[in-house]
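As stored in query.cif (mmCIF, C-alpha atoms):
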```
data_start
#
loop_
_atom_site.group_PDB
_atom_site.id
_atom_site.type_symbol
_atom_site.label_atom_id
_atom_site.label_comp_id
_atom_site.auth_asym_id
_atom_site.auth_seq_id
_atom_site.Cartn_x
_atom_site.Cartn_y
_atom_site.Cartn_z
ATOM 1 C CA MET X 1 -35.407 -68.170 34.752
ATOM 2 C CA THR X 2 -37.226 -65.790 32.414
ATOM 3 C CA ILE X 3 -35.152 -64.191 29.660
ATOM 4 C CA GLU X 4 -35.237 -60.401 29.960
ATOM 5 C CA CYS X 5 -34.231 -58.137 27.071
ATOM 6 C CA THR X 6 -33.600 -54.409 27.587
ATOM 7 C CA PRO X 7 -32.886 -52.298 24.492
ATOM 8 C CA LEU X 8 -29.784 -50.114 24.595
ATOM 9 C CA GLY X 9 -30.985 -47.728 21.901
ATOM 10 C CA ASN X 10 -33.634 -47.175 19.279
ATOM 11 C CA ARG X 11 -31.857 -49.006 16.478
ATOM 12 C CA ILE X 12 -29.438 -51.630 17.719
ATOM 13 C CA GLY X 13 -28.202 -53.405 20.825
ATOM 14 C CA ALA X 14 -29.913 -54.961 23.855
ATOM 15 C CA VAL X 15 -28.886 -56.377 27.224
ATOM 16 C CA VAL X 16 -30.023 -59.949 27.836
ATOM 17 C CA ARG X 17 -30.431 -61.271 31.374
ATOM 18 C CA GLY X 18 -31.626 -64.628 32.585
ATOM 19 C CA VAL X 19 -29.195 -66.554 30.370
ATOM 20 C CA SER X 20 -26.027 -68.205 31.641
ATOM 21 C CA LEU X 21 -23.397 -68.859 29.003
ATOM 22 C CA LYS X 22 -22.431 -71.938 31.021
ATOM 23 C CA ASP X 23 -25.607 -73.593 29.746
ATOM 24 C CA VAL X 24 -25.886 -74.809 26.155
ATOM 25 C CA PRO X 25 -28.965 -73.150 24.615
ATOM 26 C CA ASP X 26 -31.596 -75.356 23.041
ATOM 27 C CA GLY X 27 -35.313 -75.491 22.366
ATOM 28 C CA GLU X 28 -37.240 -72.400 23.393
ATOM 29 C CA THR X 29 -34.142 -70.637 24.748
ATOM 30 C CA LEU X 30 -32.299 -70.993 21.449
ATOM 31 C CA ASP X 31 -35.350 -69.868 19.476
ATOM 32 C CA THR X 32 -35.747 -66.805 21.701
ATOM 33 C CA LEU X 33 -32.092 -65.846 21.354
ATOM 34 C CA GLU X 34 -32.246 -66.236 17.574
ATOM 35 C CA THR X 35 -35.268 -63.939 17.455
ATOM 36 C CA LEU X 36 -33.642 -61.339 19.711
ATOM 37 C CA LEU X 37 -30.376 -61.526 17.754
ATOM 38 C CA GLU X 38 -32.095 -60.630 14.495
ATOM 39 C CA GLU X 39 -34.289 -57.999 16.171
ATOM 40 C CA TRP X 40 -31.524 -56.117 17.988
ATOM 41 C CA GLY X 41 -28.407 -57.099 16.038
ATOM 42 C CA ALA X 42 -26.099 -57.192 19.057
ATOM 43 C CA LEU X 43 -26.926 -58.924 22.357
ATOM 44 C CA VAL X 44 -24.949 -58.087 25.510
ATOM 45 C CA PHE X 45 -24.633 -60.760 28.211
ATOM 46 C CA PRO X 46 -23.050 -59.067 31.260
ATOM 47 C CA ASP X 47 -21.379 -60.633 34.301
ATOM 48 C CA GLN X 48 -20.522 -64.002 32.772
ATOM 49 C CA GLU X 49 -17.761 -66.236 34.113
ATOM 50 C CA ILE X 50 -17.066 -68.891 31.522
ATOM 51 C CA THR X 51 -14.225 -71.066 30.326
ATOM 52 C CA PRO X 52 -13.170 -71.185 26.673
ATOM 53 C CA ALA X 53 -14.792 -74.621 26.378
ATOM 54 C CA GLU X 54 -18.066 -73.210 27.726
ATOM 55 C CA GLN X 55 -17.964 -70.344 25.224
ATOM 56 C CA VAL X 56 -17.475 -72.821 22.396
ATOM 57 C CA ALA X 57 -20.298 -75.040 23.665
ATOM 58 C CA PHE X 58 -22.680 -72.063 23.972
ATOM 59 C CA SER X 59 -21.838 -70.832 20.457
ATOM 60 C CA ARG X 60 -22.110 -74.145 18.629
ATOM 61 C CA PRO X 61 -25.947 -74.480 18.566
ATOM 62 C CA PHE X 62 -26.120 -71.293 16.455
ATOM 63 C CA GLY X 63 -24.211 -73.016 13.660
ATOM 64 C CA PRO X 64 -20.861 -74.575 12.706
ATOM 65 C CA LEU X 65 -17.858 -72.772 14.154
ATOM 66 C CA GLU X 66 -15.032 -71.439 12.002
ATOM 67 C CA GLU X 67 -11.438 -71.525 13.209
ATOM 68 C CA THR X 68 -9.459 -68.403 12.368
ATOM 69 C CA ALA X 69 -7.018 -68.850 9.501
ATOM 70 C CA ARG X 70 -4.402 -67.101 11.615
ATOM 71 C CA ILE X 71 -2.831 -70.039 13.435
ATOM 72 C CA ASP X 72 -0.935 -68.021 16.080
ATOM 73 C CA ALA X 73 -4.193 -66.343 17.183
ATOM 74 C CA ARG X 74 -5.941 -69.610 18.019
ATOM 75 C CA LEU X 75 -6.226 -70.278 21.736
ATOM 76 C CA GLU X 76 -3.992 -73.160 22.741
ATOM 77 C CA GLY X 77 -6.105 -76.227 23.399
ATOM 78 C CA GLN X 78 -9.266 -74.546 22.090
ATOM 79 C CA PRO X 79 -8.693 -73.690 18.418
ATOM 80 C CA GLU X 80 -12.270 -72.447 17.910
ATOM 81 C CA ILE X 81 -11.346 -69.435 20.082
ATOM 82 C CA PHE X 82 -9.776 -66.520 18.196
ATOM 83 C CA VAL X 83 -7.724 -64.379 20.608
ATOM 84 C CA VAL X 84 -8.035 -60.664 19.804
ATOM 85 C CA GLY X 85 -5.863 -58.091 21.543
ATOM 86 C CA ASN X 86 -2.270 -57.451 22.525
ATOM 87 C CA THR X 87 -1.545 -60.156 25.099
ATOM 88 C CA GLY X 88 1.279 -62.662 24.777
ATOM 89 C CA LYS X 89 2.713 -63.229 21.317
ATOM 90 C CA ARG X 90 -0.598 -62.487 19.610
ATOM 91 C CA ILE X 91 -1.027 -58.949 18.324
ATOM 92 C CA VAL X 92 -4.407 -58.945 16.642
ATOM 93 C CA SER X 93 -6.226 -55.653 16.886
ATOM 94 C CA PHE X 94 -8.641 -54.304 14.323
ATOM 95 C CA ALA X 95 -8.440 -50.728 15.577
ATOM 96 C CA PRO X 96 -6.048 -47.929 14.599
ATOM 97 C CA ALA X 97 -3.145 -47.450 16.996
ATOM 98 C CA ASP X 98 -2.799 -43.768 16.092
ATOM 99 C CA GLY X 99 -5.905 -42.649 17.985
ATOM 100 C CA SER X 100 -7.809 -41.600 14.867
ATOM 101 C CA ASP X 101 -11.529 -42.095 14.360
ATOM 102 C CA ASP X 102 -10.944 -43.706 10.949
ATOM 103 C CA LEU X 103 -12.458 -47.006 12.037
ATOM 104 C CA GLU X 104 -12.359 -50.326 10.191
ATOM 105 C CA TRP X 105 -16.035 -51.164 9.789
ATOM 106 C CA HIS X 106 -16.691 -54.722 8.647
ATOM 107 C CA ALA X 107 -18.734 -57.885 9.041
ATOM 108 C CA ASP X 108 -16.623 -60.851 10.070
ATOM 109 C CA HIS X 109 -15.161 -62.975 7.286
ATOM 110 C CA MET X 110 -16.852 -60.979 4.539
ATOM 111 C CA HIS X 111 -13.576 -61.367 2.619
ATOM 112 C CA LEU X 112 -13.856 -65.184 2.627
ATOM 113 C CA LYS X 113 -15.777 -67.591 0.413
ATOM 114 C CA VAL X 114 -17.859 -68.559 3.446
ATOM 115 C CA PRO X 115 -18.442 -65.504 5.657
ATOM 116 C CA ALA X 116 -19.618 -65.440 9.274
ATOM 117 C CA ARG X 117 -23.324 -65.353 10.118
ATOM 118 C CA ALA X 118 -22.708 -64.392 13.756
ATOM 119 C CA SER X 119 -19.848 -63.849 16.205
ATOM 120 C CA MET X 120 -19.448 -63.829 19.976
ATOM 121 C CA LEU X 121 -16.762 -61.823 21.763
ATOM 122 C CA TYR X 122 -15.994 -62.480 25.437
ATOM 123 C CA CYS X 123 -13.962 -60.001 27.462
ATOM 124 C CA LYS X 124 -11.106 -61.366 29.559
ATOM 125 C CA GLU X 125 -9.193 -58.100 30.036
ATOM 126 C CA THR X 126 -9.813 -54.587 28.760
ATOM 127 C CA PRO X 127 -8.257 -51.096 28.936
ATOM 128 C CA SER X 128 -9.717 -48.512 31.273
ATOM 129 C CA VAL X 129 -9.570 -46.041 28.375
ATOM 130 C CA GLY X 130 -10.539 -46.934 24.803
ATOM 131 C CA GLY X 131 -10.866 -50.384 23.311
ATOM 132 C CA GLU X 132 -14.625 -50.239 22.844
ATOM 133 C CA THR X 133 -16.475 -52.041 20.067
ATOM 134 C CA VAL X 134 -18.973 -50.049 18.019
ATOM 135 C CA PHE X 135 -21.867 -51.705 16.202
ATOM 136 C CA ALA X 136 -23.883 -50.144 13.347
ATOM 137 C CA CYS X 137 -27.314 -51.183 12.082
ATOM 138 C CA MET X 138 -27.290 -51.874 8.354
ATOM 139 C CA TYR X 139 -31.086 -52.213 8.237
ATOM 140 C CA SER X 140 -31.252 -48.551 9.218
ATOM 141 C CA ALA X 141 -28.499 -47.658 6.761
ATOM 142 C CA TYR X 142 -30.391 -49.224 3.874
ATOM 143 C CA ASP X 143 -33.751 -47.758 4.933
ATOM 144 C CA ALA X 144 -32.225 -44.258 5.059
ATOM 145 C CA LEU X 145 -31.327 -44.358 1.351
ATOM 146 C CA SER X 146 -33.696 -42.820 -1.156
ATOM 147 C CA PRO X 147 -35.617 -45.247 -3.407
ATOM 148 C CA GLU X 148 -33.251 -44.373 -6.271
ATOM 149 C CA GLU X 149 -30.196 -44.976 -4.087
ATOM 150 C CA GLN X 150 -31.632 -48.273 -2.876
ATOM 151 C CA ALA X 151 -32.201 -49.412 -6.445
ATOM 152 C CA GLN X 152 -28.642 -48.491 -7.401
ATOM 153 C CA ALA X 153 -27.143 -50.256 -4.384
ATOM 154 C CA GLU X 154 -29.189 -53.384 -5.093
ATOM 155 C CA SER X 155 -27.764 -53.517 -8.615
ATOM 156 C CA LEU X 156 -24.132 -53.505 -7.426
ATOM 157 C CA THR X 157 -21.670 -56.234 -6.485
ATOM 158 C CA ALA X 158 -18.946 -55.354 -3.989
ATOM 159 C CA LEU X 159 -15.397 -56.754 -4.035
ATOM 160 C CA HIS X 160 -13.796 -57.773 -0.731
ATOM 161 C CA SER X 161 -10.216 -58.743 0.146
ATOM 162 C CA VAL X 162 -8.092 -58.999 3.274
ATOM 163 C CA SER X 163 -5.498 -56.917 1.410
ATOM 164 C CA GLY X 164 -7.583 -53.821 2.130
ATOM 165 C CA LEU X 165 -7.584 -54.576 5.860
ATOM 166 C CA GLN X 166 -3.861 -55.298 5.913
ATOM 167 C CA LYS X 167 -3.044 -52.043 4.140
ATOM 168 C CA TYR X 168 -5.207 -50.074 6.560
ATOM 169 C CA LEU X 169 -3.718 -51.643 9.708
ATOM 170 C CA LYS X 170 -0.153 -51.052 8.555
ATOM 171 C CA THR X 171 -0.821 -47.385 7.785
ATOM 172 C CA LYS X 172 -2.460 -46.994 11.220
ATOM 173 C CA GLY X 173 0.515 -48.362 13.133
ATOM 174 C CA GLU X 174 -0.700 -51.889 13.857
ATOM 175 C CA LYS X 175 2.328 -53.499 12.270
ATOM 176 C CA GLY X 176 1.801 -56.901 13.857
ATOM 177 C CA ALA X 177 -1.922 -57.058 13.314
ATOM 178 C CA ALA X 178 -1.798 -58.017 9.661
ATOM 179 C CA GLU X 179 1.121 -60.406 9.968
ATOM 180 C CA GLY X 180 1.349 -63.962 11.206
ATOM 181 C CA GLU X 181 1.150 -67.581 10.176
ATOM 182 C CA TYR X 182 -1.957 -68.415 8.152
ATOM 183 C CA ALA X 183 -3.512 -71.804 7.463
ATOM 184 C CA SER X 184 -4.881 -70.780 4.064
ATOM 185 C CA PRO X 185 -4.234 -68.158 1.376
ATOM 186 C CA GLN X 186 -5.451 -64.693 2.359
ATOM 187 C CA GLN X 187 -5.268 -62.650 -0.839
ATOM 188 C CA LEU X 188 -8.312 -63.904 -2.731
ATOM 189 C CA THR X 189 -11.015 -61.448 -3.810
ATOM 190 C CA VAL X 190 -14.638 -62.422 -3.202
ATOM 191 C CA ARG X 191 -17.831 -60.873 -4.575
ATOM 192 C CA TRP X 192 -21.024 -60.301 -2.608
ATOM 193 C CA PRO X 193 -24.177 -58.281 -3.296
ATOM 194 C CA LEU X 194 -23.890 -54.791 -1.837
ATOM 195 C CA VAL X 195 -27.392 -55.268 -0.422
ATOM 196 C CA ARG X 196 -28.260 -58.581 1.190
ATOM 197 C CA THR X 197 -31.590 -59.968 2.392
ATOM 198 C CA HIS X 198 -31.813 -61.437 5.881
ATOM 199 C CA PRO X 199 -32.930 -65.070 5.530
ATOM 200 C CA LEU X 200 -35.080 -64.970 8.688
ATOM 201 C CA THR X 201 -37.111 -61.844 7.934
ATOM 202 C CA GLY X 202 -36.529 -60.761 4.358
ATOM 203 C CA ARG X 203 -35.304 -57.338 5.525
ATOM 204 C CA LYS X 204 -32.588 -55.694 3.446
ATOM 205 C CA ALA X 205 -29.241 -54.537 4.801
ATOM 206 C CA LEU X 206 -26.081 -53.024 3.348
ATOM 207 C CA TYR X 207 -23.192 -55.492 3.213
ATOM 208 C CA VAL X 208 -20.031 -53.446 2.905
ATOM 209 C CA GLY X 209 -16.851 -52.728 4.843
ATOM 210 C CA SER X 210 -14.857 -49.528 5.011
ATOM 211 C CA LYS X 211 -11.441 -51.094 4.282
ATOM 212 C CA VAL X 212 -11.965 -54.781 3.538
ATOM 213 C CA THR X 213 -14.322 -53.807 0.701
ATOM 214 C CA ILE X 214 -11.905 -52.785 -2.032
ATOM 215 C CA GLY X 215 -14.132 -52.022 -5.001
ATOM 216 C CA ILE X 216 -17.331 -52.311 -7.005
ATOM 217 C CA GLU X 217 -17.482 -54.800 -9.849
ATOM 218 C CA GLY X 218 -17.313 -52.998 -13.210
ATOM 219 C CA TRP X 219 -16.283 -49.628 -11.710
ATOM 220 C CA ASP X 220 -12.863 -47.995 -11.794
ATOM 221 C CA GLU X 221 -11.010 -47.664 -8.500
ATOM 222 C CA ASP X 222 -11.536 -43.923 -7.944
ATOM 223 C CA ARG X 223 -15.263 -44.033 -8.628
ATOM 224 C CA ALA X 224 -15.730 -47.081 -6.406
ATOM 225 C CA ARG X 225 -13.700 -45.616 -3.539
ATOM 226 C CA ALA X 226 -15.614 -42.357 -3.566
ATOM 227 C CA TYR X 227 -18.953 -44.176 -3.610
ATOM 228 C CA LEU X 228 -17.990 -46.618 -0.842
ATOM 229 C CA ASP X 229 -16.568 -43.904 1.431
ATOM 230 C CA ASP X 230 -19.728 -41.828 1.091
ATOM 231 C CA LEU X 231 -21.964 -44.857 1.656
ATOM 232 C CA LEU X 232 -20.107 -45.950 4.801
ATOM 233 C CA ALA X 233 -20.075 -42.430 6.241
ATOM 234 C CA ARG X 234 -23.860 -42.308 5.906
ATOM 235 C CA ALA X 235 -24.317 -45.907 7.098
ATOM 236 C CA THR X 236 -22.403 -45.468 10.367
ATOM 237 C CA VAL X 237 -23.805 -42.175 11.654
ATOM 238 C CA PRO X 238 -24.201 -42.006 15.460
ATOM 239 C CA GLU X 239 -27.960 -42.583 15.420
ATOM 240 C CA PHE X 240 -27.425 -46.011 13.815
ATOM 241 C CA ARG X 241 -24.780 -47.095 16.360
ATOM 242 C CA TYR X 242 -24.309 -48.762 19.706
ATOM 243 C CA SER X 243 -20.870 -48.459 21.346
ATOM 244 C CA HIS X 244 -20.063 -51.121 23.943
ATOM 245 C CA PRO X 245 -17.703 -50.187 26.811
ATOM 246 C CA TRP X 246 -16.276 -53.546 27.802
ATOM 247 C CA LYS X 247 -15.944 -54.973 31.298
ATOM 248 C CA PRO X 248 -14.336 -58.328 32.103
ATOM 249 C CA GLY X 249 -17.060 -60.948 31.991
ATOM 250 C CA ASP X 250 -19.056 -59.229 29.250
ATOM 251 C CA ALA X 251 -20.016 -61.244 26.185
ATOM 252 C CA VAL X 252 -21.590 -59.824 23.033
ATOM 253 C CA LEU X 253 -23.222 -61.912 20.335
ATOM 254 C CA TRP X 254 -23.876 -60.084 17.058
ATOM 255 C CA ASP X 255 -25.501 -60.809 13.707
ATOM 256 C CA ASN X 256 -23.076 -60.266 10.819
ATOM 257 C CA ARG X 257 -25.991 -60.461 8.402
ATOM 258 C CA ARG X 258 -27.294 -57.058 9.498
ATOM 259 C CA VAL X 259 -24.549 -55.449 11.615
ATOM 260 C CA LEU X 260 -21.149 -53.898 10.986
ATOM 261 C CA HIS X 261 -18.693 -53.454 13.832
ATOM 262 C CA ALA X 262 -15.386 -51.689 14.477
ATOM 263 C CA GLY X 263 -12.865 -51.498 17.296
ATOM 264 C CA THR X 264 -11.843 -48.176 18.820
ATOM 265 C CA PRO X 265 -8.205 -47.326 19.610
ATOM 266 C CA PHE X 266 -6.429 -47.900 22.915
ATOM 267 C CA ASP X 267 -2.873 -47.354 24.117
ATOM 268 C CA GLY X 268 -1.229 -50.758 23.896
ATOM 269 C CA SER X 269 1.866 -49.501 25.703
ATOM 270 C CA LEU X 270 -0.234 -48.812 28.809
ATOM 271 C CA TYR X 271 -3.070 -51.321 28.672
ATOM 272 C CA ARG X 272 -3.684 -54.991 27.992
ATOM 273 C CA ARG X 273 -6.688 -56.198 26.049
ATOM 274 C CA GLU X 274 -7.667 -59.830 25.639
ATOM 275 C CA MET X 275 -10.910 -60.868 23.959
ATOM 276 C CA HIS X 276 -12.009 -64.364 22.963
ATOM 277 C CA ARG X 277 -14.075 -64.678 19.786
ATOM 278 C CA THR X 278 -16.089 -67.578 18.487
ATOM 279 C CA THR X 279 -17.152 -67.261 14.853
ATOM 280 C CA ILE X 280 -20.299 -68.936 13.522
ATOM 281 C CA ARG X 281 -20.143 -69.834 9.841
ATOM 282 C CA GLU X 282 -22.812 -68.637 7.410
ATOM 283 C CA ASP X 283 -25.166 -71.474 6.455
ATOM 284 C CA GLN X 284 -27.497 -69.633 4.062
ATOM 285 C CA PRO X 285 -26.931 -68.166 0.589
ATOM 286 C CA ILE X 286 -26.173 -64.439 0.487
ATOM 287 C CA LEU X 287 -28.980 -62.992 -1.618
#
```

Here is the file; what I need is its structure written in the form of structure tokens.
Amino acid sequence: MTIECTPLGNRIGAVVRGVSLKDVPDGETLDTLETLLEEWGALVFPDQEITPAEQVAFSRPFGPLEETARIDARLEGQPEIFVVGNTGKRIVSFAPADGSDDLEWHADHMHLKVPARASMLYCKETPSVGGETVFACMYSAYDALSPEEQAQAESLTALHSVSGLQKYLKTKGEKGAAEGEYASPQQLTVRWPLVRTHPLTGRKALYVGSKVTIGIEGWDEDRARAYLDDLLARATVPEFRYSHPWKPGDAVLWDNRRVLHAGTPFDGSLYRREMHRTTIREDQPIL
């Protein structure tokens, strides 16, 4: 079957048809998906019915898979699956519970020594109201800066730590989201260039999160916070976004090298949300 790709907007996001996630991609199919992933940032595969093992098998050709450090969020029997949502004993939601639009923009694992190059989220169950995932194009965010602003950003090193995410989630009412049993220490601070170059194309993208990025190397806290807040506000304007309204059976594969994402709030007392994520480890230097 021919792979069909239909853009969802001018900047980011496309629907892909003609691909079954039951089939392990290889050869020309894998090459095509890699090209489309970089081109559109987030690929939507609708109407998929897959098992956790099939999701893992589909994800693995894109690179080595990373198990979440949070042990109680690993799917039983399939530890490569990170369960996101409010089902069972696992309360892992990266969206504010208070209904605010103060979203937690990030690229997966940017607070770790080895971040994620790509991620796939598969929808098992979703609220009828809220619970969307919003994606923002960091190519566009970088391109929109003036030459002087680009030069400044390229000279800076950003500091990232899970402590920023934990603080945010607790203040937003997600008391269980930042707690749990972890397989490795979670408080380290890592340093990445504020502007990174995509290894496939050489295009430049901002690499920064709204909460998990906690500072700028060599800057005091107030100056760094003001700069980062302004940068993220400009980087995530509506024209650079695609917001995905989930349906069970949807899968989205996104490129953490050039995309930020954030979850939108939903009422956990009324609705259940269960998403399965596979996380593909970065295999190239961040330059």

Original post:
Can you tell me how far CA of Leu112 (chain X) sits from CA of Asp72 (chain X), in Å to one decimal?
Top reply: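 For CA of Leu112 (chain X) relative to CA of Asp72 (chain X), the distance reads 18.9 Å.
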
Show me, as a Markdown table, the residues of region 66-150 of chain X having an atom within 8 Å of region 38-59 of chain X, each with the closest atom pair and its distance in Å, using all atoms listed in the file.
```
| residue | atom | partner | partner_atom | distance |
| --- | --- | --- | --- | --- |
| X:Gln78 | CA | X:Pro52 | CA | 6.9 |
| X:Glu80 | CA | X:Val56 | CA | 6.9 |
| X:Ile81 | CA | X:Pro52 | CA | 7.1 |
| X:Met120 | CA | X:Ser59 | CA | 7.4 |
| X:Phe135 | CA | X:Ala42 | CA | 7.5 |
| X:Cys137 | CA | X:Gly41 | CA | 7.2 |
```

Selected residues written out with C-alpha atoms, as an mmCIF file, in the coordinates of the input:
```
data_model
loop_
_atom_site.group_PDB
_atom_site.id
_atom_site.type_symbol
_atom_site.label_atom_id
_atom_site.label_comp_id
_atom_site.auth_asym_id
_atom_site.auth_seq_id
_atom_site.Cartn_x
_atom_site.Cartn_y
_atom_site.Cartn_z
ATOM 1 C CA GLN X 78 -9.266 -74.546 22.090
ATOM 2 C CA GLU X 80 -12.270 -72.447 17.910
ATOM 3 C CA ILE X 81 -11.346 -69.435 20.082
ATOM 4 C CA MET X 120 -19.448 -63.829 19.976
ATOM 5 C CA PHE X 135 -21.867 -51.705 16.202
ATOM 6 C CA CYS X 137 -27.314 -51.183 12.082
#
```

**OP:** Name the closest residue to Val237 (chain X) among the candidates X:Val134, X:Ala116, X:Ala251, X:Leu188; distances are taken between atoms, counting all atoms listed in the file.
**Re:**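 The shortest atom-to-atom distance to Val237 (chain X) comes from X:Val134.
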
Subject >> Residues returned when the PyMOL selection byres ((chain X and resi 189) around 7) runs on this file, as a PyMOL selection string >> reply: chain X and resi 111+159-161+187-188+190-191

Writer output for current selection, C-alpha atoms, as an mmCIF file, keeping the file's coordinate frame:
```cif
data_model
loop_
_atom_site.group_PDB
_atom_site.id
_atom_site.type_symbol
_atom_site.label_atom_id
_atom_site.label_comp_id
_atom_site.auth_asym_id
_atom_site.auth_seq_id
_atom_site.Cartn_x
_atom_site.Cartn_y
_atom_site.Cartn_z
ATOM 1 C CA HIS X 111 -13.576 -61.367 2.619
ATOM 2 C CA LEU X 159 -15.397 -56.754 -4.035
ATOM 3 C CA HIS X 160 -13.796 -57.773 -0.731
ATOM 4 C CA SER X 161 -10.216 -58.743 0.146
ATOM 5 C CA GLN X 187 -5.268 -62.650 -0.839
ATOM 6 C CA LEU X 188 -8.312 -63.904 -2.731
ATOM 7 C CA VAL X 190 -14.638 -62.422 -3.202
ATOM 8 C CA ARG X 191 -17.831 -60.873 -4.575
#
```

Original post:
What does the distance from CA of Lys204 (chain X) to CA of Ala144 (chain X) come to in Å, to one decimal?
Top reply: 11.6 Å

Care to translate the PyMOL selection byres ((chain X and resi 256) around 8) into actual residues of this file, as a compact mmCIF listing (two decimals) with C-alpha atoms, in the frame of the given file?
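Listing of part38.txt after writing:
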```
# COMPACT_ATOMS: atom_id res chain seq x y z
CA ALA X 107 -18.73 -57.88 9.04
CA ASP X 108 -16.62 -60.85 10.07
CA ALA X 116 -19.62 -65.44 9.27
CA ARG X 117 -23.32 -65.35 10.12
CA ALA X 118 -22.71 -64.39 13.76
CA SER X 119 -19.85 -63.85 16.20
CA TRP X 254 -23.88 -60.08 17.06
CA ASP X 255 -25.50 -60.81 13.71
CA ARG X 257 -25.99 -60.46 8.40
CA ARG X 258 -27.29 -57.06 9.50
CA VAL X 259 -24.55 -55.45 11.62
CA LEU X 260 -21.15 -53.90 10.99
```

**OP:** Write out as a PyMOL selection string the residues lying within 8 Å of Val19 (chain X), counting all atoms listed in the file and excluding same-chain residues fewer than 3 positions away.
**Re:** chain X and resi 1+3+16+23+45

Subject >> Given only C-alpha atoms as the counted atoms, nearest of X:Ala73, X:Leu165, X:Leu103, X:Val84 to Cys123 (chain X) >> reply: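 Ranked by minimum distance to Cys123 (chain X), first place goes to X:Val84.
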
**OP:** Find the distance between CA of Ile214 (chain X) and CA of Ala69 (chain X) and write it in Å to one decimal.
**Re:** 20.4 Å

Original post:
If you apply the PyMOL selection byres ((chain X and resi 63-66) around 6) to this file, what residues do you get, as a ChimeraX atom specification?
Top reply: /X:60-62,67,279-281
